[in-house]
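Engineer: The following block contains the structure, expressed as structure tokens.
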Amino acid sequence: MSDLIYEVKDVHFSWPGKFPALCGVDMTIRPGEKIAVIGANGTGKSTLLHLLDGLIFPHQGSVTAFGERLLEHSLFDEQAAHRFRRRVGLVFQNADIQLFCPSVREDIAFGPLQFGVAEEEVNRRIREVAQVLDIHHLLDRVPHQLSIGEKKRVAIASVLAIDPDVYLFDEPTAGLDPLTVRHIIDFMVNANRRGKTIITATHDLHIIGEIADTVYVFGQNKKIVRGGSAESVLNDRALLESNNLIHIHRHHHDGKEHVHQHLPLEQHD
């Protein structure tokens with residue numbers, strides 16, 4: 001039996017009527033790894049996560065998950081689909097995609113109930129995830145009346161309640177306040193300590209050091225241009241600059257504007 005969670009081989013994908021989104025991607029992911037996929041907007045990061053979640057399928061190449069080829073027709077089988085969906089959970093960049101029930105409580109309960117989890121156990125999971133993500137006070141609220149950060153935490157809770165082996169995060173900290181970012185990063189780190197595999201697509205380089213051990217850089221050619229340890233990637237100035245990942249910082253001294261490039265690990269005011 002393979003010890004790989006995912007094996008991605010020469011994957012190509014194009015959205016209908018659009019330019020190619022992935023052009024020959026190879027990647028292997030093992031249980032318990034923390035992986036980050038970084039790159040400028042439009043380089044294929046979200047597309048990769050959708051492939052790993054079985055929402056779309058490659059036009060060329062293959063994606064193998066848990067030792068089985070991930071194919072569209074195989075997920076038509078209810079048992080196969082449930083088996084896969086129990087093990088993989090995707091937190092979308094836009095939390096509104098995941099929140100569709102009349103209350104937060106019902107949104108969190110939806111997944112486990114679909115998988116046949118007993119009501120008593122579902123209620124226990126709701127209490128547990130509410131404590132982990134500090135959303136007790138939101139359980140009876142209408143999801144679409146929440147703030148962006150509250151919605152994001154509820155979306156994570158709805159996946160956490162399923163207790164998957166793999167968490168896929170698409171831009172988990174985009175547009176959030178610092179406290180909510182801290183909550184989400186802490187959750188990701190703690191989930192990994194519990195043995196969960198964490199795969200994150202982001203262009204927020206400031207969080208990479210905490211959420212990933214291995215980083216893959218996607219280039220404008222829709223391919224992986226570099227893979228390596230988080231430290232080696234974040235400290236490669238030429239790599240980050242050439243892939244539009246360097247942060248430009250502007251400030252004024254003595255009436256003159258100064259422009260500096262900052263690596264993610266550098267601190268500045």
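Starting from 1 in every chain, residues are counted up; chains themselves are A, B, ... following the order of the structure tokens, and ligands are numbered from 1 as listed.
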So that I can check the surroundings of Arg105 (chain A), please list as a count of residues only every protein, DNA and RNA residue that reaches within 8 Å of it, counting only C-alpha atoms and ignoring chain neighbours fewer than 4 positions away.
Structural biologist: 4
Engineer: Enumerate the residues of region 45-248 of chain A with a DSSP assignment of helix (DSSP H, G or I), computed from the backbone, and present them as a PyMOL selection string.
Structural biologist: chain A and resi 45-52+73-76+78-87+95-97+104-114+119-132+136-138+143-145+148-160+178-193+205-211+230-234+237-242
Engineer: Taking into account only C-alpha atoms, which residue in the set A:Leu4, A:Ile199, A:Leu176, A:Ala95 is nearest to Leu52 (chain A)?
Structural biologist: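 Once distances to Leu52 (chain A) are computed over only C-alpha atoms, the minimum belongs to A:Ile199.
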Engineer: Near Thr47 (chain A), counting only C-alpha atoms, which residues have an atom at most 10 Å away, once you skip same-chain residues fewer than 5 positions from it, shown as a list in words?
Structural biologist: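 Returned residues: Phe13, Ser14, Trp15, Ala21, Leu22, Gly42, Leu52, Asp53, Leu55, Ile56, Phe57, Asp170 and Ala201 of chain A.
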Engineer: Restricting the output to C-alpha atoms, write the selected residues as a PDB file, in the first residue's frame.
Structural biologist:
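The resulting file, again20.pdb, is shown below:
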```
ATOM      1  CA  PHE A  13      -6.131  21.592 -16.769  1.00  0.00           C
ATOM      2  CA  SER A  14      -7.894  24.381 -18.661  1.00  0.00           C
ATOM      3  CA  TRP A  15     -11.110  26.100 -17.700  1.00  0.00           C
ATOM      4  CA  ALA A  21      -4.750  26.902 -15.517  1.00  0.00           C
ATOM      5  CA  LEU A  22      -2.163  24.135 -14.950  1.00  0.00           C
ATOM      6  CA  GLY A  42      -3.658  33.392 -11.631  1.00  0.00           C
ATOM      7  CA  LEU A  52      -7.150  17.563  -4.924  1.00  0.00           C
ATOM      8  CA  ASP A  53     -10.715  17.892  -3.615  1.00  0.00           C
ATOM      9  CA  LEU A  55     -14.252  18.986  -7.743  1.00  0.00           C
ATOM     10  CA  ILE A  56     -12.569  19.038 -11.148  1.00  0.00           C
ATOM     11  CA  PHE A  57     -10.407  16.522 -12.982  1.00  0.00           C
ATOM     12  CA  ASP A 170      -7.555  28.327  -0.141  1.00  0.00           C
ATOM     13  CA  ALA A 201      -2.718  27.875  -1.228  1.00  0.00           C
TER      14      ALA A 201
END
```
Engineer: Report the residues of region 7-238 of chain A whose backbone DSSP state falls under strand (DSSP E or B), written as a CSV table (one decimal) with N, CA and C atoms, in the first residue's frame.
Structural biologist:
```csv
chain,number,residue,atom,x,y,z
A,7,GLU,N,-0.6,11.7,-5.2
A,7,GLU,CA,0.4,11.7,-6.2
A,7,GLU,C,-0.1,12.4,-7.4
A,8,VAL,N,0.5,13.5,-7.8
A,8,VAL,CA,0.0,14.3,-8.9
A,8,VAL,C,1.1,14.1,-10.0
A,9,LYS,N,0.6,13.6,-11.2
A,9,LYS,CA,1.6,13.4,-12.3
A,9,LYS,C,1.2,14.1,-13.6
A,10,ASP,N,2.1,15.0,-14.0
A,10,ASP,CA,1.9,15.7,-15.3
A,10,ASP,C,0.5,16.2,-15.5
A,11,VAL,N,0.0,16.9,-14.5
A,11,VAL,CA,-1.4,17.3,-14.6
A,11,VAL,C,-1.5,18.6,-15.4
A,12,HIS,N,-2.5,18.6,-16.4
A,12,HIS,CA,-2.8,19.8,-17.2
A,12,HIS,C,-4.3,20.0,-17.0
A,13,PHE,N,-4.7,21.3,-16.9
A,13,PHE,CA,-6.1,21.6,-16.8
A,13,PHE,C,-6.4,23.0,-17.4
A,14,SER,N,-7.5,23.1,-18.1
A,14,SER,CA,-7.9,24.4,-18.7
A,14,SER,C,-9.4,24.6,-18.3
A,20,PRO,N,-5.1,28.1,-20.2
A,20,PRO,CA,-4.8,26.9,-19.3
A,20,PRO,C,-4.5,27.4,-17.9
A,21,ALA,N,-4.9,26.6,-16.9
A,21,ALA,CA,-4.8,26.9,-15.5
A,21,ALA,C,-3.6,26.1,-14.9
A,22,LEU,N,-3.3,24.9,-15.4
A,22,LEU,CA,-2.2,24.1,-15.0
A,22,LEU,C,-1.5,23.5,-16.2
A,23,CYS,N,-0.2,23.5,-16.2
A,23,CYS,CA,0.5,23.0,-17.4
A,23,CYS,C,1.6,22.0,-17.1
A,24,GLY,N,1.3,20.9,-16.6
A,24,GLY,CA,2.3,19.9,-16.3
A,24,GLY,C,2.8,20.0,-14.8
A,25,VAL,N,1.9,19.6,-13.9
A,25,VAL,CA,2.3,19.7,-12.5
A,25,VAL,C,2.5,18.3,-11.9
A,26,ASP,N,3.7,18.2,-11.2
A,26,ASP,CA,4.0,17.0,-10.5
A,26,ASP,C,4.2,17.3,-9.0
A,27,MET,N,3.6,16.4,-8.2
A,27,MET,CA,3.7,16.7,-6.7
A,27,MET,C,3.4,15.4,-6.0
A,28,THR,N,4.1,15.2,-4.9
A,28,THR,CA,3.7,14.1,-4.0
A,28,THR,C,3.5,14.6,-2.6
A,29,ILE,N,2.5,14.1,-1.9
A,29,ILE,CA,2.2,14.6,-0.5
A,29,ILE,C,2.0,13.4,0.4
A,34,LYS,N,2.9,19.4,6.1
A,34,LYS,CA,2.4,20.8,6.0
A,34,LYS,C,2.9,21.3,4.7
A,35,ILE,N,2.0,21.6,3.7
A,35,ILE,CA,2.5,22.0,2.4
A,35,ILE,C,1.8,23.4,2.1
A,36,ALA,N,2.6,24.3,1.6
A,36,ALA,CA,2.1,25.5,1.1
A,36,ALA,C,2.4,25.6,-0.4
A,37,VAL,N,1.4,26.1,-1.1
A,37,VAL,CA,1.5,26.4,-2.6
A,37,VAL,C,1.4,27.9,-2.7
A,38,ILE,N,2.4,28.5,-3.2
A,38,ILE,CA,2.5,30.0,-3.3
A,38,ILE,C,2.7,30.4,-4.7
A,60,GLN,N,-5.3,16.1,-18.7
A,60,GLN,CA,-4.1,15.3,-19.1
A,60,GLN,C,-3.4,15.0,-17.8
A,61,GLY,N,-2.8,13.8,-17.6
A,61,GLY,CA,-2.1,13.4,-16.4
A,61,GLY,C,-3.1,12.8,-15.4
A,62,SER,N,-2.6,12.6,-14.2
A,62,SER,CA,-3.4,11.9,-13.2
A,62,SER,C,-3.3,12.5,-11.8
A,63,VAL,N,-4.3,12.3,-11.0
A,63,VAL,CA,-4.3,12.6,-9.5
A,63,VAL,C,-4.7,11.3,-8.8
A,64,THR,N,-3.8,10.8,-8.0
A,64,THR,CA,-4.1,9.6,-7.2
A,64,THR,C,-4.2,10.0,-5.7
A,65,ALA,N,-5.3,9.6,-5.1
A,65,ALA,CA,-5.5,10.0,-3.7
A,65,ALA,C,-5.7,8.7,-2.9
A,68,GLU,N,-5.7,5.4,-4.8
A,68,GLU,CA,-6.6,5.2,-5.9
A,68,GLU,C,-6.7,6.4,-6.8
A,69,ARG,N,-6.8,6.1,-8.1
A,69,ARG,CA,-6.9,7.2,-9.1
A,69,ARG,C,-8.2,8.0,-8.9
A,88,VAL,N,-11.2,14.2,3.1
A,88,VAL,CA,-10.7,15.4,2.5
A,88,VAL,C,-11.7,16.6,2.7
A,89,GLY,N,-11.2,17.7,3.3
A,89,GLY,CA,-12.1,18.8,3.5
A,89,GLY,C,-11.4,20.1,2.9
A,90,LEU,N,-12.2,20.8,2.1
A,90,LEU,CA,-11.7,22.1,1.5
A,90,LEU,C,-12.4,23.3,2.1
A,91,VAL,N,-11.6,24.2,2.6
A,91,VAL,CA,-12.1,25.5,3.0
A,91,VAL,C,-11.9,26.5,1.9
A,166,VAL,N,-7.3,15.2,5.7
A,166,VAL,CA,-6.6,16.2,4.9
A,166,VAL,C,-7.4,17.5,4.9
A,167,TYR,N,-6.8,18.6,5.2
A,167,TYR,CA,-7.4,20.0,5.1
A,167,TYR,C,-6.8,20.7,4.0
A,168,LEU,N,-7.6,21.2,3.1
A,168,LEU,CA,-7.2,22.1,2.0
A,168,LEU,C,-7.7,23.5,2.3
A,169,PHE,N,-6.8,24.4,2.4
A,169,PHE,CA,-7.1,25.8,2.7
A,169,PHE,C,-6.8,26.7,1.5
A,170,ASP,N,-7.8,27.4,1.0
A,170,ASP,CA,-7.6,28.3,-0.1
A,170,ASP,C,-7.6,29.8,0.4
A,197,THR,N,-3.0,16.2,7.6
A,197,THR,CA,-2.2,16.8,6.5
A,197,THR,C,-2.8,18.1,6.1
A,198,ILE,N,-2.0,19.1,6.0
A,198,ILE,CA,-2.4,20.5,5.8
A,198,ILE,C,-1.8,21.0,4.4
A,199,ILE,N,-2.7,21.4,3.5
A,199,ILE,CA,-2.2,21.9,2.2
A,199,ILE,C,-2.9,23.3,2.0
A,200,THR,N,-2.1,24.3,1.9
A,200,THR,CA,-2.6,25.7,1.8
A,200,THR,C,-2.1,26.4,0.6
A,201,ALA,N,-3.0,27.0,-0.1
A,201,ALA,CA,-2.7,27.9,-1.2
A,201,ALA,C,-2.8,29.3,-0.7
A,202,THR,N,-1.7,30.1,-0.9
A,202,THR,CA,-1.7,31.4,-0.4
A,202,THR,C,-0.7,32.3,-1.1
A,214,THR,N,7.1,22.5,3.8
A,214,THR,CA,7.5,22.4,2.4
A,214,THR,C,6.7,23.4,1.6
A,215,VAL,N,7.4,24.1,0.6
A,215,VAL,CA,6.7,25.1,-0.2
A,215,VAL,C,6.9,24.8,-1.7
A,216,TYR,N,5.8,24.9,-2.4
A,216,TYR,CA,5.9,24.8,-3.9
A,216,TYR,C,5.6,26.2,-4.5
A,217,VAL,N,6.4,26.7,-5.4
A,217,VAL,CA,6.2,28.0,-6.0
A,217,VAL,C,5.7,27.8,-7.4
A,218,PHE,N,4.5,28.3,-7.7
A,218,PHE,CA,3.9,28.3,-9.0
A,218,PHE,C,4.3,29.6,-9.7
A,224,ILE,N,5.1,24.3,-11.4
A,224,ILE,CA,5.9,24.4,-10.2
A,224,ILE,C,7.3,24.8,-10.7
A,225,VAL,N,7.8,26.0,-10.3
A,225,VAL,CA,9.1,26.4,-10.6
A,225,VAL,C,10.1,26.1,-9.6
A,226,ARG,N,9.7,25.8,-8.4
A,226,ARG,CA,10.6,25.5,-7.3
A,226,ARG,C,9.8,24.8,-6.2
A,227,GLY,N,10.4,23.8,-5.6
A,227,GLY,CA,9.9,23.2,-4.4
A,227,GLY,C,11.0,23.0,-3.4
A,228,GLY,N,10.8,23.3,-2.1
A,228,GLY,CA,11.8,23.2,-1.1
A,228,GLY,C,11.3,23.5,0.3
A,229,SER,N,12.2,23.5,1.2
A,229,SER,CA,11.8,23.9,2.6
A,229,SER,C,11.3,25.3,2.6
```
Engineer: Which residue gives the smallest distance to Arg83 (chain A) among A:Glu128, A:Ala118, A:Ile108, A:Pro164, with only C-alpha atoms counted?
Structural biologist: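 Under the stated criterion, the closest residue is A:Pro164.
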Engineer: Check the smallest atom-to-atom distance from each of A:Ala212, A:Thr43, A:Pro143, A:Glu231 to Phe19 (chain A) using only C-alpha atoms, then report the winner.
Structural biologist: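 Once distances to Phe19 (chain A) are computed over only C-alpha atoms, the minimum belongs to A:Thr43.
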Engineer: Restricting the calculation to only C-alpha atoms, which member of A:Leu234, A:Gln79, A:Asn190, A:Arg86 is positioned closest to Val117 (chain A)?
Structural biologist: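 Smallest distance to Val117 (chain A) is found for A:Arg86.
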Engineer: Please provide as a list in words all residues within 8 Å of His203 (chain A), with the sequence filter that same-chain residues fewer than 2 positions apart are discarded (counting only C-alpha atoms).
Structural biologist: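 Here the qualifying residues turn out to be Ile38, Gly39, Ala40, Asn41, Glu171, Ala201, Leu205 and Leu245 of chain A.
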Engineer: So that I have them on file, write out the residues from the current selection with C-alpha atoms, as a short mmCIF file (atom, residue, chain, number, x, y, z; two decimals), in the first residue's frame.
Structural biologist:
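Produced file selection09.cif, reproduced below:
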```cif
data_model
loop_
_atom_site.label_atom_id
_atom_site.label_comp_id
_atom_site.auth_asym_id
_atom_site.auth_seq_id
_atom_site.Cartn_x
_atom_site.Cartn_y
_atom_site.Cartn_z
CA ILE A 38 2.45 29.98 -3.29
CA GLY A 39 2.44 32.15 -6.37
CA ALA A 40 1.00 35.31 -7.82
CA ASN A 41 -2.70 35.51 -8.65
CA GLU A 171 -6.21 31.76 0.92
CA ALA A 201 -2.72 27.88 -1.23
CA LEU A 205 4.16 34.89 2.65
CA LEU A 245 6.09 37.58 -4.62
#
```
Engineer: Can you work out the spacing between CA of Ala155 (chain A) and CA of Ile208 (chain A) in Å, to one decimal?
Structural biologist: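 Spanning CA of Ala155 (chain A) to CA of Ile208 (chain A) is a straight-line distance of 21.1 Å.
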Engineer: Between A:Val104, A:Ile207, A:Ile5, A:Ala81, which one has atoms that come closest to Pro178 (chain A), using only C-alpha atoms?
Structural biologist: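 Among the listed residues, A:Ile207 lies closest to Pro178 (chain A).
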